Amino acid sequence: MYYKVKVEDTIRIMPDQFGEDIDEVIKTIVQQTFEGTVRKDDGIIVVAENIEPVGDGIVIHGDGAMYQKVQFDALTFKPEMQEVIDGIICEIVEFGAFCHIGPIDALIHMSQIMNDYVQVDAENEIITGKEKKRQLKVGDSVRARIVAVSLNELSARESKIGLTMRQPSLGSHLWLNENTEEDSEGKKKQSSKKRHK
């Protein structure tokens, strides 16, 4: 889920940047320092905007750099347990599929892809159900539920998100459209039988 939060922190401005437009320097440092990082309570900072210095900066003896408190609005992405999300399959591997969900990738283990035995063809990047013959390929849009969240504050890339698609109304958008068509066909047949009685 995306949130907009107010963040307050301190940045370090190097002495060689003192002659430049200080507002631009602060904006650049905040964006480079915080965008793409993980904060335990807020999630992954996607965008930092409305950046403002708070008070005067402090120069520490022997350092030469200026330490400036700043506050800014941050658009964050924080995956929540049991949240239903849409994503795009970005990689098929021997043990399942990785899926882009916002600014991070999540894993759908092969046991959580569908209610069917699956064959994984990592070389051709296709997962196929043995009975229903449904396929999952790179680039497919999917709807899934978050079942595991472990955000790594030191490295966003090391965070681990687990997904499942094994329940009604989840899976590839193509499968969901098939289910809707099957449901409407079934309802037509039922109403047709009732009229013939």
# chains A, B, ... in the order shown; residues from 1 in each chain; ligands from 1
call {"tool": "residues_around", "arguments": {"residues": "Arg143 in chain A", "least_positions_apart": "3", "cutoff": "8 Å", "atoms": "only C-alpha atoms", "output": "list in words"}}
result
Val84, Ile85, Asp86, Gly87, Met165, Ser169, Leu170, Gly171, Ser172 and His173 of chain A
call {"tool": "write_last_selection", "arguments": {"atoms": "C-alpha atoms", "output": "short mmCIF file (atom, residue, chain, number, x, y, z; two decimals), in the first residue's frame"}}
result
data_model
loop_
_atom_site.label_atom_id
_atom_site.label_comp_id
_atom_site.auth_asym_id
_atom_site.auth_seq_id
_atom_site.Cartn_x
_atom_site.Cartn_y
_atom_site.Cartn_z
CA VAL A 84 -4.37 -8.03 -2.23
CA ILE A 85 -2.20 -6.40 -4.89
CA ASP A 86 -1.72 -6.36 -8.66
CA GLY A 87 1.68 -6.92 -10.19
CA MET A 165 -2.49 -16.82 -5.90
CA SER A 169 -10.33 -14.16 -7.54
CA LEU A 170 -6.52 -14.37 -7.54
CA GLY A 171 -4.13 -15.33 -10.32
CA SER A 172 -3.29 -14.17 -13.81
CA HIS A 173 -5.68 -11.51 -15.11
#
call {"tool": "residues_around", "arguments": {"residues": "range 63-66 of chain A", "least_positions_apart": "3", "cutoff": "12 Å", "atoms": "only C-alpha atoms", "output": "ChimeraX atom specification"}}
result
/A:10-18,22,25-26,56-60,69
call {"tool": "residues_around", "arguments": {"residues": "Leu107 in chain A", "least_positions_apart": "6", "cutoff": "7 Å", "atoms": "only C-alpha atoms", "output": "short mmCIF file (atom, residue, chain, number, x, y, z; two decimals) with C-alpha atoms, in the first residue's frame"}}
result
data_model
loop_
_atom_site.label_atom_id
_atom_site.label_comp_id
_atom_site.auth_asym_id
_atom_site.auth_seq_id
_atom_site.Cartn_x
_atom_site.Cartn_y
_atom_site.Cartn_z
CA ALA A 97 8.01 -16.58 -10.25
CA PHE A 98 9.11 -13.09 -9.28
CA CYS A 99 6.59 -10.30 -9.61
CA ILE A 161 7.92 -10.48 0.12
CA GLY A 162 5.94 -13.69 -0.39
CA LEU A 163 2.72 -13.92 -2.41
#
call {"tool": "residues_around", "arguments": {"residues": "Asp105 in chain A", "least_positions_apart": "3", "cutoff": "9 Å", "atoms": "only C-alpha atoms", "output": "PyMOL selection string"}}
result
chain A and resi 90+98-102+157+159-161
call {"tool": "write_last_selection", "arguments": {"atoms": "N, CA and C atoms", "output": "tab-separated table (two decimals), in the first residue's frame"}}
result
chain	number	residue	atom	x	y	z
A	90	CYS	N	7.96	-10.76	-13.65
A	90	CYS	CA	9.21	-10.25	-14.24
A	90	CYS	C	10.26	-11.33	-14.45
A	98	PHE	N	8.97	-14.38	-9.93
A	98	PHE	CA	9.11	-13.09	-9.28
A	98	PHE	C	8.17	-12.11	-9.96
A	99	CYS	N	7.64	-11.19	-9.15
A	99	CYS	CA	6.59	-10.30	-9.61
A	99	CYS	C	6.90	-8.88	-9.14
A	100	HIS	N	6.85	-7.90	-10.07
A	100	HIS	CA	7.00	-6.49	-9.68
A	100	HIS	C	5.73	-6.06	-8.94
A	101	ILE	N	5.88	-5.59	-7.71
A	101	ILE	CA	4.76	-4.97	-6.99
A	101	ILE	C	5.26	-3.61	-6.51
A	102	GLY	N	4.91	-2.58	-7.22
A	102	GLY	CA	5.42	-1.27	-6.86
A	102	GLY	C	6.92	-1.22	-7.06
A	157	ARG	N	16.88	-4.11	-1.59
A	157	ARG	CA	16.94	-5.25	-2.52
A	157	ARG	C	16.95	-6.60	-1.79
A	159	SER	N	15.11	-7.24	0.82
A	159	SER	CA	13.79	-7.47	1.42
A	159	SER	C	13.13	-8.67	0.76
A	160	LYS	N	12.30	-9.36	1.53
A	160	LYS	CA	11.63	-10.55	1.00
A	160	LYS	C	10.11	-10.42	1.21
A	161	ILE	N	9.38	-10.53	0.10
A	161	ILE	CA	7.92	-10.48	0.12
A	161	ILE	C	7.43	-11.77	-0.52
call {"tool": "closest_residue", "arguments": {"among": "A:Ala106, A:Ile88, A:Val47, A:Val7", "to": "Gln71 in chain A", "atoms": "only C-alpha atoms"}}
result
A:Val7
call {"tool": "closest_residue", "arguments": {"among": "A:Thr37, A:Gln167, A:Ser150, A:Gln112", "to": "Glu80 in chain A", "atoms": "only C-alpha atoms"}}
result
A:Ser150
call {"tool": "residues_around", "arguments": {"residues": "Tyr2 in chain A", "least_positions_apart": "6", "cutoff": "12 Å", "atoms": "only C-alpha atoms", "output": "number ranges by chain"}}
result
A: 42-47, 74-80, 83, 85, 101-103
call {"tool": "atom_distance", "arguments": {"atom1": "CA of Glu35 in chain A", "atom2": "CA of Gly96 in chain A"}}
result
29.2 Å
call {"tool": "closest_residue", "arguments": {"among": "A:Glu20, A:Glu52, A:Thr28, A:Gly36", "to": "Leu154 in chain A", "atoms": "only C-alpha atoms"}}
result
A:Gly36
